[in-house]
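Source file: work.cif (mmCIF, C-alpha atoms (C1' of nucleotides))
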```
data_data
#
loop_
_atom_site.label_atom_id
_atom_site.label_comp_id
_atom_site.auth_asym_id
_atom_site.auth_seq_id
_atom_site.Cartn_x
_atom_site.Cartn_y
_atom_site.Cartn_z
CA MET A 1 30.99 -8.26 7.62
CA THR A 2 30.89 -4.77 9.12
CA GLU A 3 28.59 -3.84 12.00
CA PRO A 4 25.51 -2.03 10.65
CA ARG A 5 24.79 1.43 12.03
CA TRP A 6 21.67 0.97 14.12
CA LEU A 7 18.90 3.57 14.29
CA ASN A 8 19.12 6.20 17.03
CA ALA A 9 16.05 7.42 18.93
CA ASP A 10 14.94 10.14 16.49
CA GLU A 11 15.65 8.00 13.47
CA ARG A 12 13.57 5.22 14.91
CA ARG A 13 10.74 7.61 15.76
CA ALA A 14 10.78 9.13 12.28
CA TRP A 15 10.87 5.75 10.61
CA LEU A 16 8.10 4.20 12.68
CA ALA A 17 5.90 7.26 12.29
CA LEU A 18 6.32 7.22 8.52
CA LEU A 19 5.58 3.51 8.42
CA SER A 20 2.40 3.98 10.43
CA ILE A 21 1.24 6.95 8.39
CA ASN A 22 1.90 4.93 5.34
CA THR A 23 -0.55 2.25 6.40
CA LEU A 24 -3.20 4.34 8.15
CA LEU A 25 -3.53 7.40 5.91
CA PRO A 26 -4.27 5.64 2.60
CA ALA A 27 -6.64 3.28 4.41
CA ALA A 28 -8.60 6.18 5.88
CA LEU A 29 -8.73 8.04 2.54
CA ASP A 30 -9.74 4.86 0.76
CA THR A 31 -12.61 4.44 3.17
CA GLN A 32 -13.85 7.97 2.52
CA LEU A 33 -13.59 7.62 -1.26
CA GLN A 34 -15.12 4.16 -1.23
CA ALA A 35 -18.12 5.54 0.63
CA ALA A 36 -18.39 8.64 -1.56
CA GLY A 37 -17.94 7.05 -4.96
CA LYS A 38 -16.82 3.41 -4.84
CA LEU A 39 -13.28 4.15 -5.89
CA SER A 40 -9.82 3.84 -4.35
CA LEU A 41 -7.31 6.56 -3.55
CA PHE A 42 -5.24 5.42 -6.48
CA ASP A 43 -8.25 5.58 -8.82
CA TYR A 44 -8.94 9.09 -7.58
CA ASN A 45 -5.39 10.13 -8.17
CA VAL A 46 -5.40 8.88 -11.73
CA LEU A 47 -8.53 10.92 -12.45
CA ALA A 48 -7.11 13.95 -10.61
CA MET A 49 -3.86 13.92 -12.58
CA LEU A 50 -5.77 13.70 -15.85
CA SER A 51 -8.14 16.49 -14.82
CA GLU A 52 -5.19 18.80 -14.17
CA ALA A 53 -3.39 17.98 -17.41
CA GLU A 54 -3.53 20.18 -20.49
CA GLY A 55 -6.44 18.90 -22.60
CA ARG A 56 -7.30 16.33 -19.90
CA PHE A 57 -5.18 13.62 -21.46
CA LEU A 58 -1.75 12.12 -20.89
CA PRO A 59 0.35 9.28 -22.33
CA MET A 60 0.23 6.20 -20.12
CA SER A 61 3.92 6.60 -19.27
CA GLU A 62 3.50 10.16 -18.10
CA LEU A 63 0.39 9.27 -16.12
CA ALA A 64 2.29 6.41 -14.52
CA ALA A 65 5.07 8.82 -13.53
CA ARG A 66 2.62 11.29 -12.03
CA THR A 67 0.93 8.61 -9.95
CA SER A 68 4.24 6.90 -9.03
CA ALA A 69 2.87 3.68 -10.42
CA SER A 70 4.17 0.94 -12.68
CA LEU A 71 2.87 0.87 -16.23
CA SER A 72 1.37 -2.52 -15.51
CA ARG A 73 -0.62 -1.34 -12.52
CA LEU A 74 -1.79 1.72 -14.40
CA SER A 75 -2.85 -0.32 -17.40
CA HIS A 76 -5.08 -2.54 -15.25
CA VAL A 77 -6.61 0.44 -13.50
CA VAL A 78 -7.25 2.37 -16.72
CA THR A 79 -9.05 -0.70 -18.05
CA LYS A 80 -11.27 -0.60 -14.98
CA LEU A 81 -11.88 3.17 -15.22
CA GLN A 82 -12.63 2.73 -18.91
CA ARG A 83 -15.35 0.19 -18.09
CA ARG A 84 -16.90 2.77 -15.79
CA GLY A 85 -16.87 5.33 -18.58
CA TRP A 86 -14.49 7.76 -16.88
CA VAL A 87 -11.46 7.37 -19.14
CA GLU A 88 -10.86 6.50 -22.77
CA ARG A 89 -7.79 5.12 -24.51
CA GLU A 90 -6.70 6.86 -27.70
CA ALA A 91 -3.87 6.44 -30.18
CA HIS A 92 -1.06 8.97 -30.23
CA PRO A 93 -0.78 10.66 -33.65
CA GLY A 94 3.02 10.91 -33.69
CA ASP A 95 4.09 7.65 -32.08
CA ALA A 96 2.15 4.43 -32.53
CA ARG A 97 3.66 2.87 -29.40
CA VAL A 98 2.00 5.45 -27.19
CA THR A 99 -1.47 5.10 -25.69
CA VAL A 100 -3.10 8.29 -24.52
CA ALA A 101 -5.50 8.16 -21.57
CA HIS A 102 -8.25 10.76 -21.91
CA LEU A 103 -10.60 11.85 -19.13
CA THR A 104 -14.21 11.76 -20.33
CA GLU A 105 -16.88 14.32 -19.50
CA SER A 106 -18.37 11.83 -17.09
CA GLY A 107 -14.97 11.28 -15.47
CA MET A 108 -14.55 15.01 -15.07
CA ASN A 109 -17.94 15.32 -13.43
CA THR A 110 -17.03 12.51 -11.07
CA ILE A 111 -13.81 14.06 -9.88
CA VAL A 112 -15.36 17.50 -9.51
CA SER A 113 -18.06 16.08 -7.31
CA LEU A 114 -15.60 14.03 -5.23
CA ALA A 115 -12.89 16.66 -4.80
CA PRO A 116 -14.40 18.67 -1.91
CA GLY A 117 -14.95 15.60 0.22
CA HIS A 118 -11.53 14.24 -0.53
CA VAL A 119 -9.72 17.48 0.20
CA GLY A 120 -11.74 17.75 3.37
CA ALA A 121 -10.55 14.32 4.42
CA VAL A 122 -6.91 15.17 3.65
CA ARG A 123 -7.28 18.22 5.87
CA ALA A 124 -9.06 16.39 8.65
CA LEU A 125 -6.66 13.48 8.71
CA MET A 126 -3.37 15.26 8.33
CA LEU A 127 -3.11 18.98 7.61
CA ASP A 128 -5.31 20.09 10.51
CA ALA A 129 -2.90 18.36 12.89
CA MET A 130 -0.04 20.60 11.74
CA SER A 131 1.03 24.23 12.11
CA ASP A 132 1.94 26.28 9.02
CA ASP A 133 5.61 25.77 9.85
CA ASP A 134 5.07 22.04 10.15
CA VAL A 135 3.49 21.95 6.71
CA ALA A 136 6.42 23.86 5.22
CA ASP A 137 8.91 21.57 6.99
CA LEU A 138 7.13 18.45 5.82
CA ALA A 139 7.05 19.75 2.25
CA ARG A 140 10.79 20.44 2.35
CA ILE A 141 11.78 17.16 4.01
CA GLY A 142 9.32 15.12 1.98
CA GLU A 143 10.73 16.45 -1.26
CA LYS A 144 14.24 15.54 -0.09
CA ILE A 145 13.13 11.97 0.44
CA VAL A 146 11.34 11.86 -2.90
CA ALA A 147 14.52 13.14 -4.56
CA ARG A 148 16.43 10.31 -2.93
CA LEU A 149 13.91 7.72 -4.11
CA ASP A 150 13.66 9.09 -7.64
CA ASP A 151 15.72 12.14 -8.51
CA ASN A 152 13.72 12.77 -11.67
CA HIS A 153 10.33 12.63 -10.00
CA TRP A 154 7.81 14.97 -11.59
CA ILE A 155 6.90 16.79 -8.38
CA LEU A 156 10.48 18.06 -8.30
CA ARG A 157 10.30 19.32 -11.86
CA GLU A 158 7.39 21.68 -11.17
CA ARG A 159 9.41 24.14 -9.15
CA MET B 1 -22.98 23.61 0.38
CA THR B 2 -19.98 25.62 1.62
CA GLU B 3 -16.97 26.26 -0.58
CA PRO B 4 -14.16 23.85 0.35
CA ARG B 5 -10.85 25.38 1.41
CA TRP B 6 -8.45 24.44 -1.35
CA LEU B 7 -4.83 23.48 -0.71
CA ASN B 8 -2.24 26.25 -0.71
CA ALA B 9 1.24 25.79 -2.23
CA ASP B 10 2.97 24.27 0.80
CA GLU B 11 0.01 22.09 1.66
CA ARG B 12 -0.05 20.75 -1.85
CA ARG B 13 3.70 20.13 -1.83
CA ALA B 14 3.52 18.34 1.52
CA TRP B 15 0.58 16.21 0.44
CA LEU B 16 2.02 15.23 -2.94
CA ALA B 17 5.39 14.42 -1.40
CA LEU B 18 3.80 12.22 1.22
CA LEU B 19 1.70 10.50 -1.42
CA SER B 20 4.77 9.79 -3.56
CA ILE B 21 6.85 8.56 -0.62
CA ASN B 22 3.99 6.37 0.28
CA THR B 23 4.12 4.58 -3.04
CA LEU B 24 7.85 4.58 -3.71
CA LEU B 25 9.37 3.81 -0.32
CA PRO B 26 7.51 0.57 0.46
CA ALA B 27 8.06 -0.59 -3.11
CA ALA B 28 11.82 -0.06 -2.82
CA LEU B 29 12.00 -1.77 0.57
CA ASP B 30 9.88 -4.63 -0.70
CA THR B 31 12.28 -5.12 -3.56
CA GLN B 32 15.25 -5.30 -1.20
CA LEU B 33 13.55 -7.76 1.17
CA GLN B 34 12.19 -9.84 -1.67
CA ALA B 35 15.72 -10.22 -3.03
CA ALA B 36 17.26 -10.90 0.39
CA GLY B 37 14.71 -13.34 1.75
CA LYS B 38 11.55 -13.64 -0.35
CA LEU B 39 9.41 -11.67 2.06
CA SER B 40 7.48 -8.41 2.02
CA LEU B 41 7.99 -5.31 4.14
CA PHE B 42 4.86 -6.21 6.05
CA ASP B 43 6.11 -9.76 6.69
CA TYR B 44 9.38 -8.31 7.93
CA ASN B 45 7.60 -5.95 10.25
CA VAL B 46 5.53 -8.69 11.79
CA LEU B 47 8.70 -10.65 12.55
CA ALA B 48 10.48 -7.52 13.81
CA MET B 49 7.68 -6.61 16.21
CA LEU B 50 7.65 -10.14 17.62
CA SER B 51 11.43 -10.20 17.97
CA GLU B 52 11.32 -7.02 20.05
CA ALA B 53 8.49 -8.20 22.29
CA GLU B 54 9.04 -9.63 25.77
CA GLY B 55 9.30 -13.41 25.32
CA ARG B 56 9.04 -13.00 21.53
CA PHE B 57 5.28 -13.47 21.50
CA LEU B 58 2.23 -11.21 21.30
CA PRO B 59 -1.55 -11.64 21.10
CA MET B 60 -2.83 -11.23 17.55
CA SER B 61 -4.65 -8.01 18.49
CA GLU B 62 -1.56 -6.41 19.93
CA LEU B 63 0.53 -7.52 16.96
CA ALA B 64 -2.10 -6.06 14.64
CA ALA B 65 -1.91 -2.76 16.53
CA ARG B 66 1.89 -2.68 16.31
CA THR B 67 1.85 -3.29 12.58
CA SER B 68 -1.12 -0.96 11.97
CA ALA B 69 -2.92 -3.84 10.28
CA SER B 70 -6.40 -5.29 10.40
CA LEU B 71 -6.84 -8.54 12.28
CA SER B 72 -7.91 -10.18 9.06
CA ARG B 73 -4.81 -9.17 7.17
CA LEU B 74 -2.60 -10.26 10.05
CA SER B 75 -4.35 -13.61 10.35
CA HIS B 76 -3.69 -14.42 6.69
CA VAL B 77 -0.06 -13.36 6.96
CA VAL B 78 0.58 -15.30 10.18
CA THR B 79 -0.79 -18.39 8.43
CA LYS B 80 1.77 -17.85 5.70
CA LEU B 81 4.64 -17.23 8.13
CA GLN B 82 3.58 -20.31 10.06
CA ARG B 83 3.88 -22.42 6.92
CA ARG B 84 7.43 -21.13 6.54
CA GLY B 85 8.22 -22.15 10.12
CA TRP B 86 8.90 -18.64 11.40
CA VAL B 87 5.88 -18.19 13.67
CA GLU B 88 3.65 -20.46 15.73
CA ARG B 89 0.12 -19.96 17.04
CA GLU B 90 -0.48 -20.76 20.70
CA ALA B 91 -3.46 -20.59 23.04
CA HIS B 92 -3.58 -17.91 25.71
CA PRO B 93 -3.75 -19.46 29.20
CA GLY B 94 -6.04 -16.83 30.74
CA ASP B 95 -8.43 -16.05 27.88
CA ALA B 96 -9.53 -18.67 25.39
CA ARG B 97 -10.50 -16.06 22.80
CA VAL B 98 -6.91 -14.94 22.42
CA THR B 99 -4.41 -16.43 19.99
CA VAL B 100 -0.76 -15.76 20.74
CA ALA B 101 1.71 -15.48 17.87
CA HIS B 102 5.15 -16.75 18.87
CA LEU B 103 8.38 -16.19 16.92
CA THR B 104 10.26 -19.45 16.45
CA GLU B 105 14.01 -19.93 16.67
CA SER B 106 14.10 -20.14 12.88
CA GLY B 107 12.07 -16.94 12.61
CA MET B 108 14.47 -15.18 14.95
CA ASN B 109 17.45 -16.32 12.90
CA THR B 110 15.75 -15.05 9.77
CA ILE B 111 15.14 -11.57 11.10
CA VAL B 112 18.61 -11.31 12.60
CA SER B 113 20.14 -12.14 9.25
CA LEU B 114 17.87 -9.73 7.37
CA ALA B 115 18.05 -6.76 9.74
CA PRO B 116 21.38 -5.26 8.62
CA GLY B 117 20.39 -5.18 4.97
CA HIS B 118 16.98 -3.78 5.75
CA VAL B 119 18.27 -1.04 8.04
CA GLY B 120 20.87 -0.25 5.41
CA ALA B 121 18.10 0.19 2.85
CA VAL B 122 16.08 2.44 5.17
CA ARG B 123 19.17 4.61 5.60
CA ALA B 124 20.03 4.64 1.92
CA LEU B 125 16.48 5.43 0.78
CA MET B 126 15.45 7.99 3.33
CA LEU B 127 17.59 8.84 6.36
CA ASP B 128 20.76 9.59 4.41
CA ALA B 129 18.85 12.28 2.52
CA MET B 130 18.13 14.17 5.73
CA SER B 131 20.05 16.28 8.26
CA ASP B 132 19.79 15.50 11.98
CA ASP B 133 17.37 18.40 12.35
CA ASP B 134 15.27 17.06 9.49
CA VAL B 135 15.05 13.69 11.20
CA ALA B 136 13.94 15.29 14.47
CA ASP B 137 11.38 17.45 12.61
CA LEU B 138 10.01 14.47 10.73
CA ALA B 139 9.70 12.47 13.95
CA ARG B 140 7.82 15.32 15.61
CA ILE B 141 5.51 16.06 12.69
CA GLY B 142 5.01 12.41 11.85
CA GLU B 143 3.88 11.64 15.37
CA LYS B 144 1.40 14.52 15.20
CA ILE B 145 -0.14 12.99 12.10
CA VAL B 146 -0.21 9.53 13.64
CA ALA B 147 -1.95 10.98 16.69
CA ARG B 148 -4.56 12.49 14.38
CA LEU B 149 -5.10 9.19 12.59
CA ASP B 150 -5.24 7.11 15.77
CA ASP B 151 -4.76 8.88 19.07
CA ASN B 152 -4.13 5.62 20.90
CA HIS B 153 -1.47 4.37 18.51
CA TRP B 154 1.21 2.33 20.26
CA ILE B 155 4.15 4.39 18.99
CA LEU B 156 2.71 7.28 21.02
CA ARG B 157 2.47 5.21 24.18
CA GLU B 158 6.20 4.45 24.26
CA ARG B 159 7.29 7.93 25.18
"C1'" DA C 1 -28.66 -19.67 34.89
"C1'" DA C 2 -29.99 -17.73 30.71
"C1'" DC C 3 -29.27 -13.86 27.98
"C1'" DC C 4 -26.87 -10.11 25.56
"C1'" DG C 5 -23.44 -7.26 23.91
"C1'" DC C 6 -18.56 -7.02 23.24
"C1'" DT C 7 -14.03 -8.72 22.25
"C1'" DA C 8 -10.89 -11.90 19.59
"C1'" DG C 9 -9.97 -14.24 15.81
"C1'" DT C 10 -10.78 -17.05 11.38
"C1'" DT C 11 -12.35 -17.93 6.83
"C1'" DG C 12 -13.72 -17.69 1.81
"C1'" DA C 13 -14.70 -14.87 -1.99
"C1'" DA C 14 -13.92 -11.00 -4.71
"C1'" DG C 15 -11.06 -7.39 -6.06
"C1'" DT C 16 -6.13 -5.45 -6.58
"C1'" DG C 17 -1.28 -5.49 -7.23
"C1'" DT C 18 2.93 -7.59 -8.92
"C1'" DC C 19 5.74 -10.16 -11.83
"C1'" DA C 20 7.27 -12.27 -15.99
"C1'" DA C 21 6.46 -12.78 -20.59
"C1'" DG C 22 4.77 -11.07 -24.72
"C1'" DT C 23 3.65 -7.64 -28.80
"C1'" DA C 24 4.51 -3.73 -31.51
"C1'" DT C 25 7.00 0.41 -32.78
"C1'" DT C 26 10.90 3.46 -32.93
"C1'" DG C 27 15.52 5.16 -33.57
"C1'" DA C 28 20.22 4.14 -34.15
"C1'" DT C 29 23.86 1.33 -36.44
"C1'" DT C 30 25.89 -0.95 -40.05
"C1'" DA D 1 17.33 -1.47 -46.02
"C1'" DA D 2 18.17 -4.81 -42.52
"C1'" DT D 3 19.23 -5.51 -37.95
"C1'" DC D 4 19.15 -4.57 -32.98
"C1'" DA D 5 18.43 -2.54 -28.72
"C1'" DA D 6 15.28 0.32 -26.36
"C1'" DT D 7 10.71 2.18 -25.51
"C1'" DA D 8 5.70 1.78 -24.65
"C1'" DC D 9 2.36 -0.81 -23.37
"C1'" DT D 10 -0.72 -5.15 -22.47
"C1'" DT D 11 -1.88 -9.46 -20.64
"C1'" DG D 12 -2.50 -13.59 -17.59
"C1'" DA D 13 -1.27 -15.95 -13.56
"C1'" DC D 14 -0.43 -15.80 -8.95
"C1'" DA D 15 -0.12 -13.52 -4.44
"C1'" DC D 16 -2.00 -10.36 -1.39
"C1'" DT D 17 -5.65 -7.35 0.79
"C1'" DT D 18 -10.19 -6.33 1.94
"C1'" DC D 19 -14.78 -7.23 3.09
"C1'" DA D 20 -18.58 -9.55 5.00
"C1'" DA D 21 -20.00 -13.35 7.45
"C1'" DC D 22 -19.07 -16.48 10.88
"C1'" DT D 23 -17.50 -18.97 15.42
"C1'" DA D 24 -16.50 -18.70 20.02
"C1'" DG D 25 -15.47 -17.03 24.71
"C1'" DC D 26 -15.90 -13.40 28.22
"C1'" DG D 27 -18.33 -10.26 31.43
"C1'" DG D 28 -22.18 -8.08 33.10
"C1'" DT D 29 -27.39 -8.02 33.76
"C1'" DT D 30 -31.71 -9.57 35.03
#
```
Any chance you could give the structure as structure tokens?
Amino acid sequence: MTEPRWLNADERRAWLALLSINTLLPAALDTQLQAAGKLSLFDYNVLAMLSEAEGRFLPMSELAARTSASLSRLSHVVTKLQRRGWVEREAHPGDARVTVAHLTESGMNTIVSLAPGHVGAVRALMLDAMSDDDVADLARIGEKIVARLDDNHWILRER
Amino acid sequence: MTEPRWLNADERRAWLALLSINTLLPAALDTQLQAAGKLSLFDYNVLAMLSEAEGRFLPMSELAARTSASLSRLSHVVTKLQRRGWVEREAHPGDARVTVAHLTESGMNTIVSLAPGHVGAVRALMLDAMSDDDVADLARIGEKIVARLDDNHWILRER
DNA sequence: AACCGCTAGTTGAAGTGTCAAGTATTGATT
DNA sequence: AATCAATACTTGACACTTCAACTAGCGGTT
């Protein structure tokens, strides 16, 4: 067995910071969204991705990719959002295996009303702490890490 | 109602990257730890924080702070780790309100055996994608965000 | 010495996420 | 045209997290 390369000071700082952000940031955003509309950050993201899609609908697989979620997790959540009248499931005309998730009018109204508060929270909790250069650096480094985790990730395809 | 400042291109990239990392990185590390020792990333972190503490014990509150967790979440997890023989609960001599979590010999052996594989995964999934400058930048920016989320966070006290 | 607010931690219930197993459809192969 | 692997999704059970409510001890006040 070979000796593992241990983390140096910067590596440890970067790793611990990311781990902490990872726990604290979603929790804080969840709290804001829970107060504003009784939904989770993940719920919000599902609605947001649909609202930005052409025609406000996407196949479950594509929606799962855009929210970095498993199909199973997404399926459960869409069921929940469906019960609240924000999303509908529809058949895909060309391929009977595919389920299309479609944002309803009510769902669209919900996300439009929640967006300002949510964006405000993202600014207050993270972006306002950073200079413009920091933001650019984080975007660059973050995308490198995403590429390492999933080199076909959709956020990398946009550019 | 004032118009909310929308996200510009870099802000959006930084935010989406962080959101994706947030979902993908813990999932990948969980998978590795689950395969290696049937525990979660959070479980691992609890053991790691105890193993690094003076005397290998910490009050629940301090352990919660070092894992960025709620006391409730930690309490449930410590109960689980206790059942597996890795942690023990002890009374605090000076303050009867305090419960001290103590890493057992068996718990120490567990973390020692898991550490190389875990650190290897952290490198493979994130650090290896970055230059030395990237790592330093991420540490600096990450700590700024942590400070914004919790300006008394323990990782900021170390320096 | 009784009270009161605060700190520290636990618990049970309800909601979420994950995992393994299952269904149905498609496209490719023979 | 029958088979077979792969794709797309759903479901149910179990594990985990969160939330609200609770117990209990400490320190300061009157």
For Ala101 (chain A), the nearest of the candidates A:Ala9, A:Ala36, A:Val78, A:Leu156, counting all atoms listed in the file
A:Val78
Neighbour list for Leu63 (chain A) as a count of residues only, cut-off 12 Å, only C-alpha atoms (C1' of nucleotides), skip fewer than 2 positions in-chain
37
Select all residues from chain A having any atom no more than 8 Å from an atom of chain B (counting all atoms listed in the file, ignoring ligands), output as an mmCIF file with C-alpha atoms, in the coordinates of the input.
```
data_model
loop_
_atom_site.group_PDB
_atom_site.id
_atom_site.type_symbol
_atom_site.label_atom_id
_atom_site.label_comp_id
_atom_site.auth_asym_id
_atom_site.auth_seq_id
_atom_site.Cartn_x
_atom_site.Cartn_y
_atom_site.Cartn_z
ATOM 1 C CA PRO A 4 25.510 -2.030 10.650
ATOM 2 C CA ARG A 5 24.790 1.430 12.030
ATOM 3 C CA TRP A 6 21.670 0.970 14.120
ATOM 4 C CA LEU A 7 18.900 3.570 14.290
ATOM 5 C CA ASP A 10 14.940 10.140 16.490
ATOM 6 C CA GLU A 11 15.650 8.000 13.470
ATOM 7 C CA ARG A 13 10.740 7.610 15.760
ATOM 8 C CA ALA A 14 10.780 9.130 12.280
ATOM 9 C CA TRP A 15 10.870 5.750 10.610
ATOM 10 C CA LEU A 16 8.100 4.200 12.680
ATOM 11 C CA ALA A 17 5.900 7.260 12.290
ATOM 12 C CA LEU A 18 6.320 7.220 8.520
ATOM 13 C CA SER A 20 2.400 3.980 10.430
ATOM 14 C CA ILE A 21 1.240 6.950 8.390
ATOM 15 C CA ASN A 22 1.900 4.930 5.340
ATOM 16 C CA THR A 23 -0.550 2.250 6.400
ATOM 17 C CA LEU A 24 -3.200 4.340 8.150
ATOM 18 C CA LEU A 25 -3.530 7.400 5.910
ATOM 19 C CA THR A 67 0.930 8.610 -9.950
ATOM 20 C CA SER A 68 4.240 6.900 -9.030
ATOM 21 C CA ALA A 69 2.870 3.680 -10.420
ATOM 22 C CA PRO A 116 -14.400 18.670 -1.910
ATOM 23 C CA VAL A 119 -9.720 17.480 0.200
ATOM 24 C CA GLY A 120 -11.740 17.750 3.370
ATOM 25 C CA LEU A 125 -6.660 13.480 8.710
ATOM 26 C CA MET A 126 -3.370 15.260 8.330
ATOM 27 C CA LEU A 127 -3.110 18.980 7.610
ATOM 28 C CA ALA A 129 -2.900 18.360 12.890
ATOM 29 C CA MET A 130 -0.040 20.600 11.740
ATOM 30 C CA ASP A 134 5.070 22.040 10.150
ATOM 31 C CA VAL A 135 3.490 21.950 6.710
ATOM 32 C CA ALA A 136 6.420 23.860 5.220
ATOM 33 C CA ASP A 137 8.910 21.570 6.990
ATOM 34 C CA LEU A 138 7.130 18.450 5.820
ATOM 35 C CA ALA A 139 7.050 19.750 2.250
ATOM 36 C CA ARG A 140 10.790 20.440 2.350
ATOM 37 C CA ILE A 141 11.780 17.160 4.010
ATOM 38 C CA GLY A 142 9.320 15.120 1.980
ATOM 39 C CA GLU A 143 10.730 16.450 -1.260
ATOM 40 C CA LYS A 144 14.240 15.540 -0.090
ATOM 41 C CA ILE A 145 13.130 11.970 0.440
ATOM 42 C CA VAL A 146 11.340 11.860 -2.900
ATOM 43 C CA ARG A 148 16.430 10.310 -2.930
ATOM 44 C CA LEU A 149 13.910 7.720 -4.110
ATOM 45 C CA ILE A 155 6.900 16.790 -8.380
#
```
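For the structure in this document, the set picked by the PyMOL selection byres ((chain D and resi 24) around 12) is Asp95, Ala96, Arg97 and Val98 of chain B; DT7, DA8, DG9 and DT10 of chain C; DC22, DT23, DG25 and DC26 of chain D.
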Show me which bits of chain D are within 12 Å of chain A, counting only C-alpha atoms (C1' of nucleotides), as a PyMOL selection string.
chain D and resi 7-12+17-19
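For the set C:DG17, C:DG27, C:DC3, C:DG22, the residue with the smallest atom-to-atom gap to chain B is C:DG17, counting all atoms listed in the file.
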Quick one: pull the distance between CA of Pro93 (chain A) and CA of Gly107 (chain A), Å, one decimal.
23.1 Å
Please report as a ChimeraX atom specification which residues of chain C come no farther than 12 Å from chain A, using all atoms listed in the file.
/C:15-20,23-27
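Between CA of Gly85 (chain B) and C1' of DA15 (chain D) the separation is 18.9 Å.
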Mind telling me what the PyMOL selection byres ((chain C and resi 1) around 12) catches here, as a ChimeraX atom specification?
/C:2-3 /D:29-30
Could you rebuild region 37-54 of chain A with N, CA and C atoms and give it back as a PDB file, in the frame of the given file?
```pdb
ATOM      1  N   GLY A  37     -17.802   7.328  -3.542  1.00  0.00           N
ATOM      2  CA  GLY A  37     -17.940   7.050  -4.960  1.00  0.00           C
ATOM      3  C   GLY A  37     -17.438   5.700  -5.415  1.00  0.00           C
ATOM      4  N   LYS A  38     -17.258   4.765  -4.480  1.00  0.00           N
ATOM      5  CA  LYS A  38     -16.820   3.410  -4.840  1.00  0.00           C
ATOM      6  C   LYS A  38     -15.528   3.402  -5.649  1.00  0.00           C
ATOM      7  N   LEU A  39     -14.586   4.251  -5.240  1.00  0.00           N
ATOM      8  CA  LEU A  39     -13.280   4.150  -5.890  1.00  0.00           C
ATOM      9  C   LEU A  39     -12.167   4.251  -4.846  1.00  0.00           C
ATOM     10  N   SER A  40     -10.967   3.848  -5.253  1.00  0.00           N
ATOM     11  CA  SER A  40      -9.820   3.840  -4.350  1.00  0.00           C
ATOM     12  C   SER A  40      -9.057   5.156  -4.461  1.00  0.00           C
ATOM     13  N   LEU A  41      -8.156   5.377  -3.518  1.00  0.00           N
ATOM     14  CA  LEU A  41      -7.310   6.560  -3.550  1.00  0.00           C
ATOM     15  C   LEU A  41      -6.491   6.615  -4.832  1.00  0.00           C
ATOM     16  N   PHE A  42      -6.018   5.460  -5.256  1.00  0.00           N
ATOM     17  CA  PHE A  42      -5.240   5.420  -6.480  1.00  0.00           C
ATOM     18  C   PHE A  42      -6.101   5.778  -7.694  1.00  0.00           C
ATOM     19  N   ASP A  43      -7.303   5.227  -7.753  1.00  0.00           N
ATOM     20  CA  ASP A  43      -8.250   5.580  -8.820  1.00  0.00           C
ATOM     21  C   ASP A  43      -8.450   7.093  -8.855  1.00  0.00           C
ATOM     22  N   TYR A  44      -8.710   7.652  -7.687  1.00  0.00           N
ATOM     23  CA  TYR A  44      -8.940   9.090  -7.580  1.00  0.00           C
ATOM     24  C   TYR A  44      -7.773   9.874  -8.135  1.00  0.00           C
ATOM     25  N   ASN A  45      -6.588   9.428  -7.746  1.00  0.00           N
ATOM     26  CA  ASN A  45      -5.390  10.130  -8.170  1.00  0.00           C
ATOM     27  C   ASN A  45      -5.177  10.100  -9.675  1.00  0.00           C
ATOM     28  N   VAL A  46      -5.504   8.991 -10.269  1.00  0.00           N
ATOM     29  CA  VAL A  46      -5.400   8.880 -11.730  1.00  0.00           C
ATOM     30  C   VAL A  46      -6.336   9.921 -12.372  1.00  0.00           C
ATOM     31  N   LEU A  47      -7.572   9.956 -11.909  1.00  0.00           N
ATOM     32  CA  LEU A  47      -8.530  10.920 -12.450  1.00  0.00           C
ATOM     33  C   LEU A  47      -8.072  12.355 -12.179  1.00  0.00           C
ATOM     34  N   ALA A  48      -7.550  12.596 -10.971  1.00  0.00           N
ATOM     35  CA  ALA A  48      -7.110  13.950 -10.610  1.00  0.00           C
ATOM     36  C   ALA A  48      -5.965  14.415 -11.504  1.00  0.00           C
ATOM     37  N   MET A  49      -5.006  13.540 -11.747  1.00  0.00           N
ATOM     38  CA  MET A  49      -3.860  13.920 -12.580  1.00  0.00           C
ATOM     39  C   MET A  49      -4.313  14.230 -14.009  1.00  0.00           C
ATOM     40  N   LEU A  50      -5.249  13.435 -14.513  1.00  0.00           N
ATOM     41  CA  LEU A  50      -5.770  13.700 -15.850  1.00  0.00           C
ATOM     42  C   LEU A  50      -6.539  15.024 -15.876  1.00  0.00           C
ATOM     43  N   SER A  51      -7.308  15.289 -14.843  1.00  0.00           N
ATOM     44  CA  SER A  51      -8.140  16.490 -14.820  1.00  0.00           C
ATOM     45  C   SER A  51      -7.284  17.764 -14.799  1.00  0.00           C
ATOM     46  N   GLU A  52      -6.068  17.629 -14.245  1.00  0.00           N
ATOM     47  CA  GLU A  52      -5.190  18.800 -14.170  1.00  0.00           C
ATOM     48  C   GLU A  52      -4.296  18.953 -15.387  1.00  0.00           C
ATOM     49  N   ALA A  53      -4.275  17.932 -16.234  1.00  0.00           N
ATOM     50  CA  ALA A  53      -3.390  17.980 -17.410  1.00  0.00           C
ATOM     51  C   ALA A  53      -4.011  18.812 -18.524  1.00  0.00           C
ATOM     52  N   GLU A  54      -3.135  19.443 -19.287  1.00  0.00           N
ATOM     53  CA  GLU A  54      -3.530  20.180 -20.490  1.00  0.00           C
ATOM     54  C   GLU A  54      -4.374  19.283 -21.402  1.00  0.00           C
TER      55      GLU A  54
END
```
